[in-house]
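Novice: Coordinates in coords23.cif, mmCIF, C-alpha atoms, are listed below.
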data_target
loop_
_atom_site.label_atom_id
_atom_site.label_comp_id
_atom_site.auth_asym_id
_atom_site.auth_seq_id
_atom_site.Cartn_x
_atom_site.Cartn_y
_atom_site.Cartn_z
CA MET B 7 104.24 -17.94 95.55
CA LYS B 8 101.36 -17.75 93.06
CA LEU B 9 100.92 -14.62 90.94
CA LYS B 10 97.61 -13.72 92.58
CA SER B 11 99.24 -13.94 96.00
CA LEU B 12 102.16 -11.82 94.87
CA ILE B 13 99.85 -9.16 93.46
CA LEU B 14 97.63 -9.26 96.54
CA ALA B 15 100.61 -8.82 98.87
CA ALA B 16 101.93 -5.92 96.80
CA SER B 17 98.48 -4.40 96.59
CA MET B 18 97.91 -4.57 100.36
CA ALA B 19 101.27 -3.00 101.08
CA ALA B 20 100.71 -0.22 98.59
CA MET B 21 97.19 0.46 99.83
CA ALA B 22 98.68 1.08 103.25
CA SER B 23 101.26 3.29 101.59
CA GLY B 24 98.53 5.09 99.69
CA ALA B 25 96.68 5.81 102.93
CA PHE B 26 99.85 7.28 104.41
CA ALA B 27 100.48 9.42 101.33
CA ALA B 28 96.88 10.58 101.25
CA ALA B 29 97.24 11.78 104.82
CA HIS B 30 100.26 13.79 103.70
CA GLY B 31 98.80 15.66 100.75
CA GLY B 32 96.64 13.32 98.66
CA LYS B 33 97.29 12.43 95.06
CA VAL B 34 100.48 12.91 93.10
CA LYS B 35 100.05 13.91 89.47
CA VAL B 36 102.58 12.45 87.03
CA GLY B 37 103.24 13.73 83.53
CA MET B 38 104.55 10.96 81.28
CA ILE B 39 106.10 12.14 78.03
CA THR B 40 107.29 9.19 75.97
CA THR B 41 107.55 7.86 72.41
CA LEU B 42 104.34 6.10 71.41
CA SER B 43 104.41 6.44 67.61
CA GLY B 44 106.92 6.19 64.79
CA GLY B 45 110.43 4.84 65.17
CA GLY B 46 111.20 3.71 68.69
CA ALA B 47 107.55 3.54 69.74
CA GLY B 48 108.02 0.07 71.20
CA LEU B 49 110.45 1.47 73.76
CA GLY B 50 108.03 4.09 75.00
CA ILE B 51 105.12 1.66 75.02
CA ASP B 52 107.12 -0.72 77.21
CA VAL B 53 108.12 2.04 79.66
CA ARG B 54 104.49 3.14 79.87
CA ASP B 55 103.20 -0.39 80.32
CA GLY B 56 105.75 -1.23 83.02
CA PHE B 57 104.98 1.98 84.91
CA MET B 58 101.23 1.49 84.76
CA LEU B 59 101.51 -2.18 85.74
CA ALA B 60 103.37 -1.22 88.93
CA LEU B 61 100.60 1.21 89.87
CA LYS B 62 97.93 -1.41 89.15
CA MET B 63 99.69 -4.14 91.13
CA ALA B 64 100.11 -1.70 94.01
CA GLY B 65 96.50 -0.53 93.96
CA ALA B 66 97.88 3.00 93.83
CA ASP B 67 94.77 5.08 93.24
CA ASN B 68 96.59 8.07 94.75
CA VAL B 69 98.63 8.54 91.55
CA GLU B 70 97.17 10.22 88.47
CA VAL B 71 99.13 9.82 85.22
CA VAL B 72 98.82 12.10 82.19
CA ILE B 73 100.40 10.35 79.17
CA GLU B 74 101.44 12.04 75.91
CA ASP B 75 103.38 11.02 72.78
CA ASP B 76 106.52 13.04 72.07
CA GLN B 77 106.81 11.55 68.55
CA ARG B 78 110.58 11.43 69.19
CA LYS B 79 110.75 15.18 68.48
CA PRO B 80 112.47 17.54 70.96
CA ASP B 81 110.20 20.48 70.14
CA ILE B 82 107.08 18.39 70.77
CA ALA B 83 108.54 17.11 74.05
CA VAL B 84 109.22 20.68 75.21
CA GLN B 85 105.70 21.78 74.31
CA LEU B 86 104.22 18.84 76.21
CA SER B 87 106.40 19.51 79.24
CA ASP B 88 105.44 23.18 79.34
CA ARG B 89 101.76 22.32 79.10
CA MET B 90 101.95 19.63 81.77
CA ILE B 91 103.77 21.94 84.18
CA GLN B 92 101.78 25.11 83.53
CA SER B 93 98.29 23.79 82.69
CA ASP B 94 98.04 20.23 83.98
CA LYS B 95 99.93 21.15 87.18
CA VAL B 96 101.86 17.88 87.36
CA ASP B 97 104.09 17.20 90.35
CA VAL B 98 106.51 14.79 88.66
CA LEU B 99 107.64 14.21 85.08
CA THR B 100 108.88 10.92 83.61
CA GLY B 101 108.91 8.76 80.49
CA ILE B 102 111.45 10.16 78.03
CA ILE B 103 113.38 7.53 76.05
CA TRP B 104 115.83 9.58 73.98
CA SER B 105 118.70 11.61 75.40
CA ASN B 106 118.32 14.53 73.01
CA LEU B 107 114.72 14.91 74.20
CA ALA B 108 115.81 14.59 77.83
CA MET B 109 118.34 17.38 77.34
CA ALA B 110 115.58 19.57 75.91
CA VAL B 111 113.13 18.90 78.75
CA VAL B 112 114.83 17.98 82.02
CA PRO B 113 116.87 21.12 82.83
CA ALA B 114 113.86 23.38 82.24
CA ALA B 115 111.53 21.13 84.24
CA THR B 116 113.82 20.94 87.27
CA ALA B 117 114.45 24.69 87.06
CA GLN B 118 110.69 25.10 87.56
CA GLY B 119 110.82 22.98 90.70
CA LYS B 120 109.51 19.73 89.22
CA PHE B 121 110.94 16.31 90.00
CA TYR B 122 112.02 14.30 86.97
CA LEU B 123 112.34 10.51 87.31
CA SER B 124 114.02 9.07 84.25
CA PRO B 125 113.06 5.51 83.29
CA ASN B 126 115.63 5.47 80.48
CA ALA B 127 117.70 8.37 79.10
CA GLY B 128 120.73 9.15 81.27
CA PRO B 129 122.98 11.60 79.38
CA SER B 130 126.36 12.39 80.88
CA ALA B 131 125.51 16.12 80.96
CA LEU B 132 122.82 15.41 83.56
CA ALA B 133 125.03 13.10 85.60
CA GLY B 134 127.95 15.50 85.94
CA LYS B 135 128.01 19.28 86.00
CA GLY B 136 124.37 19.51 84.94
CA CYS B 137 123.02 17.33 87.75
CA SER B 138 120.05 18.49 89.81
CA PRO B 139 118.65 17.62 93.24
CA LEU B 140 115.29 17.07 91.52
CA TYR B 141 116.57 14.73 88.77
CA PHE B 142 116.82 10.97 89.36
CA ASN B 143 117.70 8.31 86.82
CA VAL B 144 116.22 4.94 87.72
CA ALA B 145 117.71 3.05 84.76
CA TRP B 146 121.43 3.81 84.37
CA GLN B 147 123.82 6.52 83.28
CA ASN B 148 124.15 6.33 79.48
CA ASP B 149 127.73 5.09 79.52
CA ASN B 150 127.06 2.14 81.86
CA LEU B 151 126.05 -0.73 79.59
CA HIS B 152 128.69 0.30 77.07
CA GLU B 153 131.37 0.37 79.77
CA ALA B 154 130.29 -3.15 80.66
CA ALA B 155 130.55 -4.15 77.00
CA GLY B 156 134.12 -2.83 76.94
CA ALA B 157 134.94 -4.87 80.04
CA TYR B 158 133.40 -7.97 78.43
CA ALA B 159 135.37 -7.40 75.19
CA ASN B 160 138.57 -7.51 77.23
CA ASP B 161 137.52 -10.74 78.94
CA ALA B 162 136.60 -12.27 75.57
CA GLY B 163 140.09 -11.53 74.24
CA PHE B 164 139.08 -9.06 71.54
CA GLY B 165 142.03 -6.89 70.57
CA LYS B 166 140.83 -4.93 67.54
CA THR B 167 137.20 -3.85 67.77
CA PHE B 168 135.25 -1.71 65.30
CA ILE B 169 132.75 0.57 67.09
CA LEU B 170 129.73 2.52 65.89
CA ALA B 171 126.73 4.40 67.29
CA PRO B 172 124.24 7.12 66.24
CA ASN B 173 125.35 10.74 66.31
CA TYR B 174 123.34 12.04 69.30
CA PRO B 175 124.08 12.38 73.03
CA ALA B 176 123.48 8.74 73.96
CA GLY B 177 125.52 7.55 70.98
CA LYS B 178 128.45 9.71 72.01
CA ASP B 179 128.15 8.48 75.60
CA ALA B 180 128.04 4.91 74.27
CA LEU B 181 131.36 5.03 72.47
CA THR B 182 132.95 7.04 75.28
CA GLY B 183 131.80 4.41 77.76
CA PHE B 184 133.07 1.49 75.70
CA LYS B 185 136.48 3.10 75.21
CA ARG B 186 136.73 3.90 78.91
CA PHE B 187 136.98 0.18 79.76
CA TYR B 188 138.19 -1.42 76.52
CA LYS B 189 141.95 -2.01 76.46
CA GLY B 190 142.42 -3.15 72.86
CA GLU B 191 142.92 -1.34 69.57
CA LEU B 192 140.13 0.31 67.62
CA ALA B 193 139.78 -0.93 64.05
CA GLY B 194 137.44 1.97 63.30
CA GLU B 195 134.97 4.37 64.91
CA LEU B 196 131.82 5.71 63.25
CA PHE B 197 128.86 7.86 64.16
CA THR B 198 125.79 7.07 62.08
CA LYS B 199 122.69 9.18 61.45
CA LEU B 200 119.99 8.94 64.12
CA GLY B 201 117.16 6.91 62.62
CA GLN B 202 119.34 5.49 59.83
CA LYS B 203 118.12 2.25 58.24
CA ASP B 204 120.73 1.45 55.54
CA TYR B 205 124.11 0.29 56.84
CA ALA B 206 125.72 -1.02 53.64
CA SER B 207 128.50 1.58 53.79
CA GLU B 208 129.27 0.94 57.46
CA ILE B 209 129.35 -2.83 56.96
CA ALA B 210 131.73 -2.39 54.03
CA GLN B 211 134.05 -0.35 56.26
CA ILE B 212 133.89 -3.05 58.94
CA ARG B 213 134.77 -5.70 56.34
CA ALA B 214 137.83 -3.75 55.20
CA SER B 215 139.01 -2.71 58.66
CA GLY B 216 140.81 -5.84 59.83
CA ALA B 217 138.65 -5.92 62.97
CA ASP B 218 138.31 -9.05 65.07
CA SER B 219 134.97 -7.93 66.60
CA VAL B 220 132.26 -5.26 66.39
CA PHE B 221 130.67 -3.20 69.14
CA PHE B 222 127.55 -1.28 68.18
CA PHE B 223 124.84 0.74 69.86
CA LEU B 224 121.80 1.11 67.61
CA PRO B 225 118.55 1.13 69.59
CA GLY B 226 115.08 0.35 68.27
CA GLY B 227 114.56 -0.01 64.53
CA MET B 228 118.15 1.01 63.82
CA GLY B 229 119.42 -2.14 65.51
CA ILE B 230 116.92 -4.36 63.70
CA ALA B 231 118.02 -2.99 60.33
CA PHE B 232 121.73 -3.28 61.12
CA LEU B 233 121.55 -6.84 62.45
CA LYS B 234 119.60 -8.11 59.45
CA GLN B 235 121.96 -6.44 56.99
CA TYR B 236 125.02 -7.61 58.91
CA LYS B 237 123.77 -11.21 58.87
CA GLY B 238 123.15 -11.03 55.15
CA SER B 239 126.53 -9.46 54.41
CA GLY B 240 128.59 -12.57 55.15
CA VAL B 241 130.81 -10.65 57.60
CA ASP B 242 131.41 -13.18 60.35
CA LEU B 243 132.91 -11.16 63.18
CA PRO B 244 131.58 -11.50 66.75
CA LEU B 245 129.09 -8.80 67.72
CA VAL B 246 128.91 -7.17 71.15
CA GLY B 247 126.39 -4.55 72.20
CA PRO B 248 124.27 -3.16 75.00
CA ALA B 249 120.85 -4.64 75.69
CA PHE B 250 119.13 -1.93 73.65
CA SER B 251 119.76 -3.77 70.38
CA PHE B 252 118.97 -7.21 71.81
CA ASP B 253 115.99 -6.57 74.01
CA GLN B 254 112.75 -8.51 74.09
CA GLY B 255 110.74 -6.31 71.76
CA ILE B 256 113.51 -6.22 69.16
CA LEU B 257 114.62 -9.85 69.13
CA GLN B 258 111.49 -11.22 67.51
CA ALA B 259 111.97 -8.85 64.58
CA VAL B 260 115.67 -9.73 64.24
CA GLY B 261 115.26 -13.50 64.55
CA ASP B 262 118.13 -15.92 64.00
CA ALA B 263 120.58 -13.12 63.18
CA ALA B 264 120.81 -12.34 66.91
CA LEU B 265 121.34 -15.87 68.24
CA GLY B 266 124.45 -16.23 70.36
CA VAL B 267 125.22 -12.50 70.48
CA LYS B 268 126.52 -11.26 73.83
CA ASN B 269 125.03 -8.08 75.24
CA THR B 270 125.11 -6.18 78.51
CA SER B 271 122.19 -5.26 80.76
CA GLN B 272 121.38 -4.37 84.35
CA TRP B 273 118.22 -6.51 84.14
CA ASN B 274 116.97 -9.78 82.71
CA LYS B 275 113.86 -11.85 83.25
CA ASP B 276 115.88 -14.62 84.94
CA ILE B 277 117.15 -12.48 87.85
CA ASP B 278 116.00 -14.53 90.81
CA ASN B 279 114.14 -12.43 93.34
CA PRO B 280 110.44 -12.18 94.32
CA ALA B 281 109.96 -8.68 92.89
CA ASN B 282 111.27 -9.73 89.47
CA GLN B 283 109.23 -12.92 89.48
CA ALA B 284 106.06 -10.97 90.24
CA PHE B 285 106.91 -8.39 87.58
CA VAL B 286 107.61 -10.92 84.81
CA GLU B 287 104.51 -12.97 85.58
CA GLY B 288 102.34 -9.90 86.05
CA PHE B 289 103.51 -8.30 82.80
CA GLN B 290 102.81 -11.46 80.80
CA ALA B 291 99.39 -11.79 82.38
CA GLU B 292 98.50 -8.15 81.73
CA TYR B 293 99.92 -7.66 78.25
CA GLY B 294 100.39 -11.13 76.76
CA ARG B 295 104.10 -10.71 76.04
CA LEU B 296 107.42 -11.01 77.84
CA PRO B 297 108.65 -7.77 79.43
CA SER B 298 111.61 -5.88 78.06
CA LEU B 299 114.41 -3.99 79.73
CA TYR B 300 112.41 -0.80 79.16
CA ALA B 301 109.33 -2.26 80.85
CA SER B 302 111.43 -3.22 83.88
CA GLN B 303 112.72 0.35 84.11
CA GLY B 304 109.21 1.79 83.95
CA PHE B 305 108.12 -0.65 86.65
CA ASP B 306 110.97 0.31 88.98
CA THR B 307 110.39 4.03 88.34
CA ALA B 308 106.78 3.77 89.50
CA ASN B 309 107.76 1.79 92.59
CA LEU B 310 110.46 4.32 93.47
CA LEU B 311 107.81 7.04 93.30
CA LEU B 312 105.43 5.05 95.51
CA SER B 313 108.20 4.42 98.05
CA ALA B 314 108.86 8.16 98.33
CA MET B 315 105.15 8.90 98.68
CA GLU B 316 105.07 6.62 101.73
CA LYS B 317 107.57 8.83 103.50
CA ALA B 318 107.02 12.42 102.38
CA ASP B 319 104.61 14.95 100.93
CA ILE B 320 105.44 15.93 97.34
CA THR B 321 104.99 19.59 98.33
CA ASP B 322 107.97 19.32 100.69
CA ALA B 323 110.71 19.15 98.07
CA ALA B 324 113.57 18.52 100.49
CA ALA B 325 111.76 15.71 102.27
CA PHE B 326 110.59 14.15 99.01
CA GLN B 327 114.11 14.33 97.59
CA ALA B 328 115.42 12.53 100.67
CA ALA B 329 112.72 9.88 100.32
CA LEU B 330 113.70 9.29 96.69
CA GLU B 331 117.38 9.13 97.62
CA ALA B 332 116.60 6.41 100.18
CA ALA B 333 115.20 4.24 97.34
CA GLU B 334 113.42 1.92 99.75
CA PHE B 335 111.57 -0.26 97.30
CA ASP B 336 111.91 -3.83 96.03
CA SER B 337 113.63 -3.43 92.67
CA VAL B 338 113.32 -6.09 89.98
CA ARG B 339 117.14 -5.90 89.89
CA GLY B 340 117.54 -6.86 93.53
CA ASP B 341 119.87 -4.52 95.41
CA PHE B 342 119.36 -0.92 94.31
CA ALA B 343 120.84 2.35 95.55
CA PHE B 344 121.58 5.79 94.19
CA ALA B 345 125.03 7.33 93.89
CA SER B 346 125.35 10.92 95.08
CA ASN B 347 124.48 12.20 91.57
CA HIS B 348 121.16 10.30 91.62
CA HIS B 349 122.13 7.51 89.21
CA PRO B 350 121.99 3.81 90.17
CA ILE B 351 124.68 1.72 91.79
CA GLN B 352 124.07 -1.76 90.40
CA ASP B 353 125.44 -4.92 88.83
CA ILE B 354 125.61 -5.06 85.04
CA TYR B 355 125.37 -8.50 83.48
CA VAL B 356 126.47 -10.22 80.28
CA ARG B 357 123.57 -11.87 78.47
CA GLU B 358 123.44 -14.24 75.52
CA VAL B 359 120.62 -14.33 72.98
CA ILE B 360 118.93 -17.74 72.99
CA LYS B 361 115.70 -19.29 71.75
CA GLU B 362 113.11 -20.73 74.12
CA GLY B 363 110.61 -22.64 72.01
CA ASP B 364 109.58 -20.15 69.35
CA VAL B 365 110.59 -17.09 71.36
CA PHE B 366 113.95 -15.32 71.11
CA THR B 367 115.13 -14.05 74.47
CA ASN B 368 118.22 -13.63 76.69
CA LYS B 369 119.87 -15.51 79.51
CA ILE B 370 122.46 -14.17 81.95
CA ILE B 371 125.86 -15.83 81.54
CA GLY B 372 128.02 -13.63 83.75
CA THR B 373 128.57 -10.29 85.48
CA ALA B 374 130.59 -7.59 83.73
CA LEU B 375 130.59 -4.94 86.48
CA GLU B 376 129.63 -5.26 90.16
CA ASP B 377 128.10 -2.50 92.30
CA TYR B 378 129.02 0.02 89.64
CA SER B 379 127.83 3.64 89.57
CA ASN B 380 129.18 5.99 86.88
CA ALA B 381 132.14 8.10 85.83
CA TYR B 382 130.58 11.49 86.54
CA VAL B 383 129.88 11.38 90.27
CA ASP B 384 132.72 13.71 91.21
CA GLU B 385 131.58 16.32 88.66
CA CYS B 386 128.16 16.63 90.29
CA LYS B 387 128.02 19.34 92.93
CA MET B 388 124.67 19.63 94.68
#
Kindly transcribe the structure held in the file into structure tokens.
Specialist:
Amino acid sequence: MKLKSLILAASMAAMASGAFAAAHGGKVKVGMITTLSGGGAGLGIDVRDGFMLALKMAGADNVEVVIEDDQRKPDIAVQLSDRMIQSDKVDVLTGIIWSNLAMAVVPAATAQGKFYLSPNAGPSALAGKGCSPLYFNVAWQNDNLHEAAGAYANDAGFGKTFILAPNYPAGKDALTGFKRFYKGELAGELFTKLGQKDYASEIAQIRASGADSVFFFLPGGMGIAFLKQYKGSGVDLPLVGPAFSFDQGILQAVGDAALGVKNTSQWNKDIDNPANQAFVEGFQAEYGRLPSLYASQGFDTANLLLSAMEKADITDAAAFQAALEAAEFDSVRGDFAFASNHHPIQDIYVREVIKEGDVFTNKIIGTALEDYSNAYVDECKM
């Protein structure tokens, strides 16, 4: 099916949905707080662009989006959330990339009766005892891709892995997740500074550790810096990581240092379904670049919202919650459902970094976990 046909079909369906939603309360106002400047800005830009593309492809003129830059600072994110809730009167919040910002914003937002749809951050504290009927994570629970990396490390025969991640909630979830599935010995375990750019000391410790492999979680610019320094160090141990350090926006900056590295993800551009095909083609046409994992998550978040608007009025919290829980939308990942703690049940793949022409990208080479949810479901009581 041609791109124009795909967009037209999606647009017609969503226009019908929009008419239904309009009859049940009119527009929904979304407050998007995300990182648009400084370190990690590429992640927030991709979430924003994916979200807005979904609305455009759907012809969803019944959704108003207020977008603000959190500058990756928790205090700024809290100020923006308070203003959006109290002054802008938003119905739904979304957009946060970083788990420390999510922990500062989400509990207070849901306590004020606002739905929060996370296109990225999924800290364990919000999946377990701190879960909320109004909080939904459309991406993953933080541990997921790291758990899949641990499962892959077992399959690859690694028996002595060195692991490292930044010292913040997602970094702690990362190493916890990896260790939950990994059966080998740890050669070392380090927490680095969030935003760190010099990894000479950590690489020296890896070199001296006797490790046979390295697992690391360093998103955004942290991963770029580490990979370049690791390549230049002469340490020749296999690297394994989650998609965050090998995603589309990062790979071009890393270059050859990433080739062949295995990483785990719940999405890739080569997942073969009509929704993903339309998304990848539409994103390239709109923005002139390949979409990233983050863009796919923003896209799915918007389509989840639209699917709920078809079925319920945002002012009826119980009905809208049920509509979100049903998750009746065509995900770019294919099959999609929520576990009882409002985090996805999904396949998580193993990808390999390759080069297509002049572009570094990923291809799926296997499945690490099938129909997997998360480790915190039983802790969530709601």
Novice: I'd like the contact shell of B:Gly255 - 9 Å cut-off, all atoms listed in the file, skipping same-chain residues fewer than 2 positions apart - returned as number ranges by chain.
Specialist: B: 48-49, 52, 226, 252-253, 257-259, 296-298
Novice: Evaluate the PyMOL selection byres ((chain B and resi 317) around 8) here and jot the selected residues down as a short mmCIF file (atom, residue, chain, number, x, y, z; two decimals) with C-alpha atoms, in the frame of the given file.
Specialist:
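result-v2.cif, freshly written:
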data_model
loop_
_atom_site.label_atom_id
_atom_site.label_comp_id
_atom_site.auth_asym_id
_atom_site.auth_seq_id
_atom_site.Cartn_x
_atom_site.Cartn_y
_atom_site.Cartn_z
CA PHE B 26 99.85 7.28 104.41
CA ALA B 27 100.48 9.42 101.33
CA SER B 313 108.20 4.42 98.05
CA ALA B 314 108.86 8.16 98.33
CA MET B 315 105.15 8.90 98.68
CA GLU B 316 105.07 6.62 101.73
CA ALA B 318 107.02 12.42 102.38
CA ASP B 319 104.61 14.95 100.93
CA PHE B 326 110.59 14.15 99.01
CA ALA B 329 112.72 9.88 100.32
#
Novice: My list of candidates is B:Phe142, B:Ile103, B:Gly247, B:Lys95. Which is closest to B:Ile169 when distances are computed with all atoms listed in the file?
Specialist: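 For B:Ile169, the nearest of the given residues is B:Gly247.
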Novice: Could you list, as a VMD selection string, every residue matched by the PyMOL selection byres ((chain B and resi 80-87) around 12) in this structure?
Specialist: chain B and resid 36 to 41 72 to 79 88 to 116 118 120 122
Novice: Do you know which residues the PyMOL selection byres ((chain B and resi 275) around 8) returns on this file, as a list in words?
Specialist: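 Selected by the PyMOL selection byres ((chain B and resi 275) around 8) here: Trp273, Asn274, Asp276, Ile277, Asn282, Gln283, Val286, Pro297 and Lys369 of chain B.
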Novice: Provide the atom CA of B:Lys203 to atom CA of B:Lys234 distance in Å, to one decimal place.
Specialist: 10.5 Å
Novice: Pick out the residues sitting within 9 Å of B:Asn279, and hand them over as a list in words; count only C-alpha atoms, and ignore anything fewer than 4 positions along from it in its own chain.
Specialist: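 Within the cut-off, the hits are Gln283, Ala284, Val338, Arg339 and Gly340 of chain B.
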Novice: Using only C-alpha atoms for the distances, tell me which of B:Asp161, B:Asp384, B:Asp67, B:Asp306 is nearest to B:Asn126.
Specialist: B:Asp306
Novice: Please report, as lines of an AutoDock Vina configuration file, the centre and edge lengths in Å to one decimal of an axis-aligned box covering all listed atoms of stretch 248-257 of chain B with 3 Å per side.
Specialist:
center_x = 117.5
center_y = -5.9
center_z = 72.4
size_x = 19.5
size_y = 13.9
size_z = 12.6
Novice: Quick one: of B:Ala176, B:Ala133, B:Ala324, B:Val144, who's nearest to B:Val383, counting all atoms listed in the file?
Specialist: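 So, comparing all the options, the nearest one is B:Ala133.
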